[in-house]
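So this block is start.cif, mmCIF, C-alpha atoms:
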```cif
data_run
loop_
_atom_site.label_atom_id
_atom_site.label_comp_id
_atom_site.auth_asym_id
_atom_site.auth_seq_id
_atom_site.Cartn_x
_atom_site.Cartn_y
_atom_site.Cartn_z
CA MET A 1 82.12 -115.43 33.83
CA PRO A 2 79.49 -115.37 31.15
CA ILE A 3 77.44 -118.39 30.25
CA THR A 4 79.41 -119.97 27.42
CA PRO A 5 77.72 -122.49 25.16
CA CYS A 6 80.06 -125.29 24.15
CA PHE A 7 78.90 -125.70 20.56
CA ASP A 8 76.44 -124.39 18.06
CA PRO A 9 73.45 -126.71 18.32
CA THR A 10 72.69 -126.23 14.63
CA THR A 11 76.10 -126.49 13.00
CA GLY A 12 78.12 -128.20 15.70
CA ALA A 13 80.76 -125.52 15.52
CA SER A 14 82.56 -124.68 18.74
CA GLY A 15 81.80 -121.49 20.58
CA GLY A 16 78.07 -121.82 20.80
CA ALA A 17 75.10 -120.55 18.93
CA ALA A 18 74.70 -117.07 17.56
CA PRO A 19 73.75 -114.51 20.22
CA ALA A 20 70.05 -114.52 20.87
CA GLY A 21 69.66 -110.77 21.14
CA GLY A 22 68.82 -108.97 17.95
CA GLY A 23 67.10 -111.89 16.29
CA GLY A 24 69.26 -114.91 17.13
CA SER A 25 67.46 -118.13 17.76
CA LEU A 26 66.67 -119.33 21.26
CA TYR A 27 65.73 -122.73 19.93
CA ALA A 28 67.85 -125.66 21.13
CA LEU A 29 70.19 -123.63 23.31
CA ALA A 30 73.27 -125.50 24.42
CA PRO A 31 73.46 -125.54 28.22
CA THR A 32 76.37 -124.48 30.36
CA ILE A 33 78.05 -127.53 31.85
CA VAL A 34 78.89 -126.98 35.51
CA ASP A 35 82.59 -127.64 35.97
CA LEU A 36 83.42 -126.67 39.52
CA THR A 37 87.13 -126.84 38.72
CA ASP A 38 87.18 -124.47 35.74
CA GLY A 39 88.24 -121.44 37.77
CA SER A 40 85.02 -119.50 37.31
CA TRP A 41 83.48 -120.60 40.62
CA THR A 42 84.11 -119.31 44.14
CA LEU A 43 83.61 -121.66 47.06
CA PHE A 44 81.87 -120.47 50.21
CA ASP A 45 82.18 -123.14 52.88
CA PRO A 46 81.62 -121.67 56.36
CA ASP A 47 82.34 -124.90 58.24
CA SER A 48 85.14 -126.24 55.99
CA LEU A 49 83.25 -129.33 54.85
CA ILE A 50 84.80 -129.45 51.39
CA LYS A 51 88.09 -131.30 51.07
CA SER A 52 88.38 -131.26 47.29
CA VAL A 53 86.45 -131.29 44.03
CA ALA A 54 87.25 -132.91 40.70
CA HIS A 55 85.60 -132.80 37.31
CA SER A 56 85.61 -135.44 34.62
CA ALA A 57 83.39 -136.22 31.66
CA GLY A 58 80.83 -133.67 32.69
CA SER A 59 80.52 -134.80 36.30
CA ASN A 60 81.74 -133.21 39.52
CA THR A 61 83.02 -135.43 42.31
CA VAL A 62 83.05 -133.68 45.67
CA THR A 63 85.11 -135.03 48.56
CA PHE A 64 84.11 -133.94 52.05
CA ASN A 65 85.77 -133.66 55.40
CA ALA A 66 84.08 -135.55 58.23
CA LEU A 67 80.91 -134.19 59.77
CA ALA A 68 80.45 -136.05 63.06
CA VAL A 69 77.18 -134.44 64.08
CA GLY A 70 74.55 -133.94 61.44
CA SER A 71 72.37 -130.87 61.27
CA ASN A 72 69.66 -129.46 59.05
CA ASP A 73 71.96 -126.45 58.77
CA TYR A 74 73.63 -128.47 55.98
CA ASN A 75 70.33 -129.31 54.30
CA TRP A 76 69.42 -126.80 51.60
CA SER A 77 65.72 -127.50 51.78
CA THR A 78 64.71 -126.85 55.35
CA GLY A 79 65.23 -124.40 58.16
CA ALA A 80 66.20 -120.76 58.45
CA VAL A 81 69.97 -121.34 58.69
CA CYS A 82 72.04 -122.71 55.83
CA ARG A 83 75.72 -123.37 56.46
CA ALA A 84 76.07 -125.87 53.63
CA PRO A 85 78.94 -125.39 51.17
CA ARG A 86 78.21 -123.72 47.88
CA TRP A 87 80.04 -122.60 44.76
CA TYR A 88 78.84 -119.42 43.13
CA LYS A 89 79.48 -116.85 40.44
CA LYS A 90 77.68 -113.91 38.95
CA LEU A 91 75.04 -114.83 36.41
CA GLU A 92 75.92 -113.18 33.13
CA ILE A 93 74.32 -113.74 29.76
CA SER A 94 76.39 -112.73 26.75
CA GLY A 95 78.47 -110.53 29.05
CA SER A 96 75.54 -108.78 30.68
CA GLN A 97 74.96 -109.11 34.41
CA VAL A 98 71.49 -110.44 35.17
CA LYS A 99 69.66 -108.20 37.66
CA SER A 100 66.94 -108.92 40.18
CA VAL A 101 64.47 -106.85 38.16
CA ASP A 102 64.99 -108.93 35.01
CA THR A 103 62.51 -111.56 33.93
CA LEU A 104 64.73 -114.62 34.19
CA ASN A 105 64.09 -118.21 33.20
CA PHE A 106 66.71 -120.53 34.62
CA ASN A 107 66.68 -124.15 33.49
CA THR A 108 68.62 -127.03 34.99
CA ALA A 109 69.30 -130.66 34.28
CA LEU A 110 70.68 -132.65 37.20
CA VAL A 111 72.00 -136.18 37.20
CA GLY A 112 73.16 -137.78 40.42
CA ASP A 113 75.54 -140.72 40.34
CA LEU A 114 73.96 -143.70 42.09
CA VAL A 115 77.26 -145.40 42.91
CA VAL A 116 79.54 -142.63 44.22
CA ASN A 117 77.35 -141.86 47.20
CA ASP A 118 79.08 -142.22 50.56
CA PHE A 119 76.39 -140.37 52.54
CA SER A 120 72.86 -139.07 52.11
CA ARG A 121 73.18 -135.99 49.97
CA ARG A 122 71.38 -133.01 48.51
CA VAL A 123 72.43 -130.76 45.63
CA VAL A 124 70.82 -127.52 44.47
CA VAL A 125 71.60 -125.45 41.39
CA GLY A 126 69.98 -122.15 40.59
CA PRO A 127 69.92 -118.38 40.80
CA CYS A 128 70.20 -116.48 44.08
CA PHE A 129 70.79 -112.96 45.40
CA ASP A 130 73.34 -113.46 48.21
CA PRO A 131 75.42 -116.63 47.88
CA THR A 132 77.62 -115.93 50.92
CA SER A 133 74.86 -115.59 53.47
CA THR A 134 74.02 -118.34 55.96
CA VAL A 135 70.38 -117.23 56.17
CA ALA A 136 68.12 -118.96 53.68
CA THR A 137 65.85 -115.97 53.25
CA THR A 138 68.88 -113.79 52.47
CA ILE A 139 70.42 -116.24 50.04
CA GLN A 140 67.07 -116.18 48.18
CA GLY A 141 67.86 -119.23 46.08
CA THR A 142 65.64 -121.22 43.77
CA GLY A 143 66.42 -123.92 41.22
CA GLY A 144 66.74 -127.60 40.57
CA VAL A 145 67.36 -130.04 43.41
CA HIS A 146 68.56 -133.62 43.65
CA ALA A 147 68.70 -135.80 46.76
CA LYS A 148 69.64 -139.39 47.42
CA ALA A 149 69.86 -141.52 50.52
CA VAL A 150 73.05 -143.48 51.07
CA GLY A 151 72.73 -147.09 49.96
CA GLY A 152 69.54 -146.52 48.05
CA ALA A 153 69.12 -147.36 44.38
CA GLN A 154 66.78 -144.49 43.68
CA ALA A 155 66.86 -140.73 43.86
CA GLN A 156 64.76 -137.62 44.15
CA TYR A 157 64.64 -134.73 41.68
CA GLY A 158 62.57 -131.59 41.81
CA VAL A 159 62.53 -127.88 42.44
CA TRP A 160 64.03 -125.93 45.35
CA THR A 161 62.62 -122.66 46.64
CA VAL A 162 64.54 -120.78 49.36
CA ASN A 163 64.37 -123.40 52.14
CA GLY A 164 61.75 -125.78 50.81
CA GLU A 165 61.35 -128.11 47.91
CA ALA A 166 58.95 -130.31 45.98
CA THR A 167 60.44 -133.44 44.45
CA LEU A 168 59.38 -136.62 42.82
CA PRO A 169 60.02 -139.19 45.56
CA ASP A 170 62.50 -141.99 45.15
CA THR A 171 61.72 -143.69 41.87
CA LEU A 172 63.67 -145.01 38.93
CA GLN A 173 64.31 -141.54 37.58
CA VAL A 174 67.81 -140.84 36.35
CA LYS A 175 67.57 -137.14 35.60
CA GLY A 176 65.69 -134.13 36.87
CA LEU A 177 64.73 -131.16 34.72
CA SER A 178 63.57 -127.94 36.28
CA THR A 179 62.79 -124.35 35.42
CA VAL A 180 62.48 -121.46 37.81
CA MET A 181 61.18 -118.03 36.88
CA ARG A 182 61.92 -114.87 38.83
CA SER A 183 61.28 -111.24 37.97
CA ASN A 184 60.60 -107.78 39.38
CA ASN A 185 62.72 -108.44 42.51
CA SER A 186 60.54 -111.44 43.35
CA LEU A 187 61.35 -115.13 43.38
CA GLY A 188 58.43 -116.53 41.44
CA SER A 189 58.13 -120.28 41.30
CA GLY A 190 59.50 -123.40 39.69
CA THR A 191 58.48 -126.61 37.99
CA TYR A 192 60.12 -129.96 37.40
CA LEU A 193 59.96 -133.24 35.52
CA GLY A 194 61.58 -136.51 36.57
CA ILE A 195 63.02 -138.50 33.65
CA ASN A 196 63.68 -142.25 33.60
CA SER A 197 66.40 -144.15 31.76
CA ALA A 198 64.19 -144.48 28.67
CA GLY A 199 63.84 -140.71 28.47
CA VAL A 200 60.25 -140.82 29.66
CA ALA A 201 58.93 -138.22 32.09
CA ILE A 202 57.51 -140.16 35.03
CA GLY A 203 56.53 -137.38 37.39
CA GLN A 204 56.09 -133.65 37.70
CA GLY A 205 55.45 -130.92 40.18
CA SER A 206 55.83 -127.28 41.02
CA ARG A 207 56.41 -125.02 43.96
CA ASN A 208 56.00 -121.33 44.73
CA ALA A 209 58.85 -119.46 46.37
CA SER A 210 56.23 -117.28 48.09
CA VAL A 211 58.66 -114.36 48.20
CA LEU A 212 57.59 -111.07 46.65
CA ALA A 213 59.56 -107.82 46.80
CA ALA A 214 62.62 -109.72 48.00
CA THR A 215 65.21 -106.98 47.68
CA GLY A 216 63.79 -104.13 49.76
CA GLY A 217 63.43 -102.06 46.65
CA LEU A 218 67.06 -102.48 45.61
CA THR A 219 68.18 -103.86 42.28
CA LEU A 220 70.62 -106.67 43.00
CA ASP A 221 72.98 -108.74 40.90
CA VAL A 222 71.85 -112.31 40.38
CA TYR A 223 74.30 -115.14 41.06
CA VAL A 224 74.37 -118.81 40.09
CA LEU A 225 74.77 -121.11 43.07
CA VAL A 226 75.71 -124.79 43.22
CA GLY A 227 74.99 -125.97 46.74
CA VAL A 228 75.93 -129.33 48.22
CA GLY A 229 75.12 -130.85 51.58
CA THR A 230 73.26 -133.52 53.42
CA ARG A 231 69.82 -134.90 52.63
CA SER A 232 68.53 -134.19 56.13
CA ILE A 233 70.25 -134.57 59.52
CA ASP A 234 73.05 -136.81 58.28
CA THR A 235 76.67 -137.33 59.17
CA ILE A 236 79.49 -137.37 56.64
CA PRO A 237 82.42 -139.79 56.84
CA ALA A 238 85.95 -138.52 56.35
CA ASP A 239 86.66 -138.38 52.62
CA GLY A 240 83.00 -139.07 51.89
CA GLN A 241 82.19 -138.44 48.25
CA PHE A 242 79.32 -137.96 45.91
CA LYS A 243 79.19 -137.33 42.20
CA PHE A 244 76.75 -135.38 40.06
CA SER A 245 76.43 -133.50 36.83
CA ALA A 246 74.60 -130.23 36.42
CA ASN A 247 73.84 -128.26 33.29
CA TYR A 248 71.93 -125.04 33.05
CA SER A 249 70.71 -122.37 30.69
CA ALA A 250 69.42 -118.91 31.44
CA ILE A 251 67.51 -116.37 29.42
CA THR A 252 66.02 -113.00 30.18
CA THR A 253 63.15 -111.38 28.34
CA VAL A 254 62.20 -107.71 28.16
CA PHE A 255 58.44 -107.37 28.00
CA GLY A 256 58.32 -103.60 28.35
CA ALA A 257 56.05 -101.57 30.55
CA MET B 258 26.96 -124.28 55.64
CA PRO B 259 30.34 -123.29 54.17
CA THR B 260 32.02 -125.25 51.43
CA VAL B 261 35.51 -125.99 50.15
CA ILE B 262 36.74 -126.91 46.68
CA ILE B 263 39.43 -129.43 45.75
CA ASP B 264 41.62 -128.54 42.76
CA PHE B 265 41.79 -132.21 41.82
CA PRO B 266 44.09 -132.12 38.75
CA GLU B 267 46.72 -130.56 41.00
CA THR B 268 46.66 -133.53 43.37
CA ASN B 269 50.15 -135.00 43.21
CA HIS B 270 52.33 -137.56 44.92
CA GLU B 271 55.52 -135.77 45.90
CA SER B 272 58.15 -135.41 48.53
CA ILE B 273 57.85 -132.05 50.22
CA SER B 274 60.37 -130.28 52.40
CA SER B 275 58.86 -127.20 53.93
CA THR B 276 57.47 -125.63 57.09
CA GLN B 277 54.21 -126.32 58.94
CA THR B 278 51.79 -123.61 60.06
CA ASP B 279 53.43 -123.44 63.50
CA GLY B 280 56.88 -123.05 61.98
CA THR B 281 57.96 -126.65 62.45
CA PRO B 282 60.04 -127.87 59.52
CA PHE B 283 59.14 -131.19 57.94
CA GLU B 284 60.05 -133.49 55.10
CA ALA B 285 57.48 -136.02 54.00
CA SER B 286 56.55 -138.05 50.97
CA GLY B 287 52.82 -138.10 50.35
CA TYR B 288 49.84 -136.75 48.50
CA VAL B 289 49.58 -133.02 48.02
CA ILE B 290 45.90 -132.04 47.86
CA GLN B 291 45.04 -128.43 47.16
CA VAL B 292 42.05 -127.17 49.13
CA VAL B 293 40.48 -123.96 47.83
CA ILE B 294 38.48 -121.96 50.37
CA PRO B 295 36.50 -119.44 48.33
CA ASP B 296 36.91 -115.83 49.38
CA GLU B 297 33.22 -115.55 50.19
CA GLU B 298 33.50 -118.53 52.57
CA VAL B 299 36.53 -117.41 54.56
CA GLU B 300 34.70 -115.33 57.15
CA GLU B 301 32.19 -118.07 57.85
CA TRP B 302 34.86 -120.74 58.19
CA LEU B 303 36.89 -118.65 60.60
CA SER B 304 33.79 -117.87 62.65
CA LEU B 305 33.28 -121.60 63.12
CA TYR B 306 36.80 -122.18 64.39
CA ASP B 307 38.25 -121.49 67.83
CA PRO B 308 41.91 -122.57 67.97
CA THR B 309 41.71 -122.84 71.77
CA SER B 310 38.86 -125.34 71.67
CA GLY B 311 39.46 -128.97 70.80
CA THR B 312 35.82 -129.40 69.79
CA SER B 313 35.90 -126.63 67.24
CA PRO B 314 34.72 -126.64 64.50
CA SER B 315 31.74 -128.92 64.96
CA ALA B 316 31.82 -132.46 63.68
CA ALA B 317 29.39 -131.59 60.91
CA ASN B 318 31.49 -128.68 59.69
CA SER B 319 34.72 -130.61 60.05
CA ARG B 320 33.30 -133.32 57.80
CA ILE B 321 32.96 -130.83 54.95
CA ILE B 322 36.71 -130.40 54.74
CA ALA B 323 37.53 -133.96 55.77
CA ARG B 324 35.29 -135.59 53.21
CA ALA B 325 36.47 -133.33 50.39
CA VAL B 326 40.11 -134.10 51.17
CA LEU B 327 39.52 -137.81 51.70
CA GLU B 328 37.53 -138.17 48.49
CA ALA B 329 40.39 -136.59 46.55
CA LEU B 330 42.80 -138.97 48.27
CA ARG B 331 40.56 -141.97 47.58
CA VAL B 332 40.19 -141.17 43.90
CA THR B 333 43.91 -140.55 43.55
CA VAL B 334 45.03 -143.69 45.34
CA ASP B 335 42.31 -146.00 43.99
CA PRO B 336 40.82 -144.35 40.91
#
```
Once you've parsed the file, please lay out its structure as structure tokens.
Amino acid sequence: MPITPCFDPTTGASGGAAPAGGGGSLYALAPTIVDLTDGSWTLFDPDSLIKSVAHSAGSNTVTFNALAVGSNDYNWSTGAVCRAPRWYKKLEISGSQVKSVDTLNFNTALVGDLVVNDFSRRVVVGPCFDPTSTVATTIQGTGGVHAKAVGGAQAQYGVWTVNGEATLPDTLQVKGLSTVMRSNNSLGSGTYLGINSAGVAIGQGSRNASVLAATGGLTLDVYVLVGVGTRSIDTIPADGQFKFSANYSAITTVFGA
Amino acid sequence: MPTVIIDFPETNHESISSTQTDGTPFEASGYVIQVVIPDEEVEEWLSLYDPTSGTSPSAANSRIIARAVLEALRVTVDP
């Protein structure tokens, strides 16, 4: 599925802005709203943790099956193994498949619901090379990340790189913005801002992926991945839920030789 | 005597999930302080360090790194 803007940010007309290639404006791009129920996403869930997913008013509510014994294998931001559930699809821009050699800027806005939060959670959204692997260094993901402890009133937002992350610690932020850049078969780095309810940026940071020449010389298709799981070594109650919204935009630039 | 440099504007309070030098994963909230060891100092620093000896490097040399890091922490926490 291509990235499909919902409306023209200038005129408000449906269908999105004029194509950027050939002189179209990249100013005020409308993001793609992640709707995990829209049929464009494929779920990879090696340990059958996902019971169901629903989408309403821009937010996804994920319902889990019970996880009696927690493991960092379900934590996107640590360890070599990642068996956490994830939805994925090929990253296309205006019908063109994004490749690992392309200079890609991938931007995310994440908002985690503070009420629907039955267990300590982590969400990642971003580009990757192999969404159906259970090895973090094969998935090769980077992007925005959100985490929240169960019962807490505050949340973390930041940037995720392969199996690490840098986030603004629990504060009164309500939204996390991030951008990751990758190019030339390498994973680059990412930056983030934490935004409070007044729209003020209250923290920032960045993190290198520290992965160069990631593809063994091959040119790979780039995918978009929405990963969900636990914040660290946490259990999940039967029918445990959390709710979040995720929007993203992606652009590639050709700089020439 | 070798030196180190602190990239002070990059000092940041964050939560980090990553891996330690020995491969141990960690997640911690704290101050990230970037220590720059100039290329021309690397050989001298490594010559002062024996990973099998608990008394290496010397107290005087250890203080160079310790004081640089702690001053960055002090200024960040209590500017």
Compile the residues of chain B that lie within 9 Å of chain A, evaluated using all atoms listed in the file, and express the compilation as a PyMOL selection string.
chain B and resi 267+269-276+281-284+286-287
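Omitting segment 61-71 of chain A and its sequence neighbours fewer than 5 positions away, and counting all atoms listed in the file, the residues within 6 Å are Leu49, Ile50, Lys51, Ser52, Val53, Ala54, Ile233, Asp234, Thr235, Ile236, Pro237, Ala238, Asp239, Gly240, Gln241, Phe242 and Lys243 of chain A.
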Kindly resolve the PyMOL selection byres ((chain A and resi 200) around 12) on the present coordinates and return the residues as a PyMOL selection string.
chain A and resi 172-177+193-199+201-204
Tell me which residues the PyMOL selection byres ((chain B and resi 295) around 9) grabs here, as a ChimeraX atom specification.
/B:260-262,293-294,296-299
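For the point (67.5, -125.1, 39.8) in file coordinates, the residues within 9 Å, using only C-alpha atoms, are Phe106, Asn107, Thr108, Ala109, Leu110, Val124, Val125, Gly126, Pro127, Gly141, Thr142, Gly143, Gly144, Val145, Gly158, Val159, Trp160, Thr161, Leu177, Ser178, Thr179, Val180, Gly190, Leu225, Val226 and Tyr248 of chain A.
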Those same residues - C-alpha atoms - I'd like them written as an mmCIF file, in the frame of the given file.
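Once written, part23.cif looks like this:
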```cif
data_model
loop_
_atom_site.group_PDB
_atom_site.id
_atom_site.type_symbol
_atom_site.label_atom_id
_atom_site.label_comp_id
_atom_site.auth_asym_id
_atom_site.auth_seq_id
_atom_site.Cartn_x
_atom_site.Cartn_y
_atom_site.Cartn_z
ATOM 1 C CA PHE A 106 66.710 -120.530 34.620
ATOM 2 C CA ASN A 107 66.680 -124.150 33.490
ATOM 3 C CA THR A 108 68.620 -127.030 34.990
ATOM 4 C CA ALA A 109 69.300 -130.660 34.280
ATOM 5 C CA LEU A 110 70.680 -132.650 37.200
ATOM 6 C CA VAL A 124 70.820 -127.520 44.470
ATOM 7 C CA VAL A 125 71.600 -125.450 41.390
ATOM 8 C CA GLY A 126 69.980 -122.150 40.590
ATOM 9 C CA PRO A 127 69.920 -118.380 40.800
ATOM 10 C CA GLY A 141 67.860 -119.230 46.080
ATOM 11 C CA THR A 142 65.640 -121.220 43.770
ATOM 12 C CA GLY A 143 66.420 -123.920 41.220
ATOM 13 C CA GLY A 144 66.740 -127.600 40.570
ATOM 14 C CA VAL A 145 67.360 -130.040 43.410
ATOM 15 C CA GLY A 158 62.570 -131.590 41.810
ATOM 16 C CA VAL A 159 62.530 -127.880 42.440
ATOM 17 C CA TRP A 160 64.030 -125.930 45.350
ATOM 18 C CA THR A 161 62.620 -122.660 46.640
ATOM 19 C CA LEU A 177 64.730 -131.160 34.720
ATOM 20 C CA SER A 178 63.570 -127.940 36.280
ATOM 21 C CA THR A 179 62.790 -124.350 35.420
ATOM 22 C CA VAL A 180 62.480 -121.460 37.810
ATOM 23 C CA GLY A 190 59.500 -123.400 39.690
ATOM 24 C CA LEU A 225 74.770 -121.110 43.070
ATOM 25 C CA VAL A 226 75.710 -124.790 43.220
ATOM 26 C CA TYR A 248 71.930 -125.040 33.050
#
```
Write out as a ChimeraX atom specification each polymer residue whose atoms come within 9 Å of Met258 of chain B, counting all atoms listed in the file; drop sequence neighbours fewer than 4 positions from it.
/B:301,318,321
Let me have the centre and edge lengths in Å, one decimal, of the box along x, y and z around every listed atom of segment 322-332 of chain B with 4 Å of margin on each side, as lines of an AutoDock Vina configuration file.
```
center_x = 39.0
center_y = -136.2
center_z = 49.8
size_x = 15.5
size_y = 19.6
size_z = 19.9
```
Run the PyMOL selection byres ((chain A and resi 99) around 12) on the file and write out the hits as a compact mmCIF listing (two decimals) with C-alpha atoms, in the frame of the given file.
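What ended up in out.txt:
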```
# COMPACT_ATOMS: atom_id res chain seq x y z
CA LYS A 90 77.68 -113.91 38.95
CA LEU A 91 75.04 -114.83 36.41
CA GLU A 92 75.92 -113.18 33.13
CA ILE A 93 74.32 -113.74 29.76
CA SER A 96 75.54 -108.78 30.68
CA GLN A 97 74.96 -109.11 34.41
CA VAL A 98 71.49 -110.44 35.17
CA SER A 100 66.94 -108.92 40.18
CA VAL A 101 64.47 -106.85 38.16
CA ASP A 102 64.99 -108.93 35.01
CA THR A 103 62.51 -111.56 33.93
CA LEU A 104 64.73 -114.62 34.19
CA PRO A 127 69.92 -118.38 40.80
CA CYS A 128 70.20 -116.48 44.08
CA PHE A 129 70.79 -112.96 45.40
CA ARG A 182 61.92 -114.87 38.83
CA SER A 183 61.28 -111.24 37.97
CA ASN A 184 60.60 -107.78 39.38
CA ASN A 185 62.72 -108.44 42.51
CA SER A 186 60.54 -111.44 43.35
CA THR A 215 65.21 -106.98 47.68
CA LEU A 218 67.06 -102.48 45.61
CA THR A 219 68.18 -103.86 42.28
CA LEU A 220 70.62 -106.67 43.00
CA ASP A 221 72.98 -108.74 40.90
CA VAL A 222 71.85 -112.31 40.38
CA TYR A 223 74.30 -115.14 41.06
CA VAL A 224 74.37 -118.81 40.09
CA ILE A 251 67.51 -116.37 29.42
CA THR A 252 66.02 -113.00 30.18
CA THR A 253 63.15 -111.38 28.34
```
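Across the model, the gap from atom CA of Asp45 of chain A to atom CA of Ala213 of chain A is 28.0 Å.
You will find atom CA of Ala30 of chain A at 13.9 Å from atom CA of Gly58 of chain A.
Compared by their closest atoms to Ile322 of chain B, and using all atoms listed in the file, the residues B:Thr268, B:Gly280, B:Ala285, B:Gln291 rank with B:Gln291 nearest.
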In Å, with one decimal, what is the gap from atom CA of Thr42 of chain A to atom CA of Asp130 of chain A?
12.9 Å
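If you measure from each of A:Gly152, A:Gly112, A:Gly227, A:Pro131 to Ser245 of chain A using all atoms listed in the file, the closest one turns out to be A:Gly112.
Among the candidate residues A:Thr171, A:Gln154, A:Asn247, A:Thr134, the one lying nearest to Arg86 of chain A is A:Thr134, with distances computed using only C-alpha atoms.
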Would you kindly return, as a VMD selection string, each protein, DNA or RNA residue with an atom no farther than 7 Å from any atom of Tyr74 of chain A, considering only C-alpha atoms and excluding same-chain residues fewer than 4 positions away?
chain A and resid 82 to 84 229 to 230
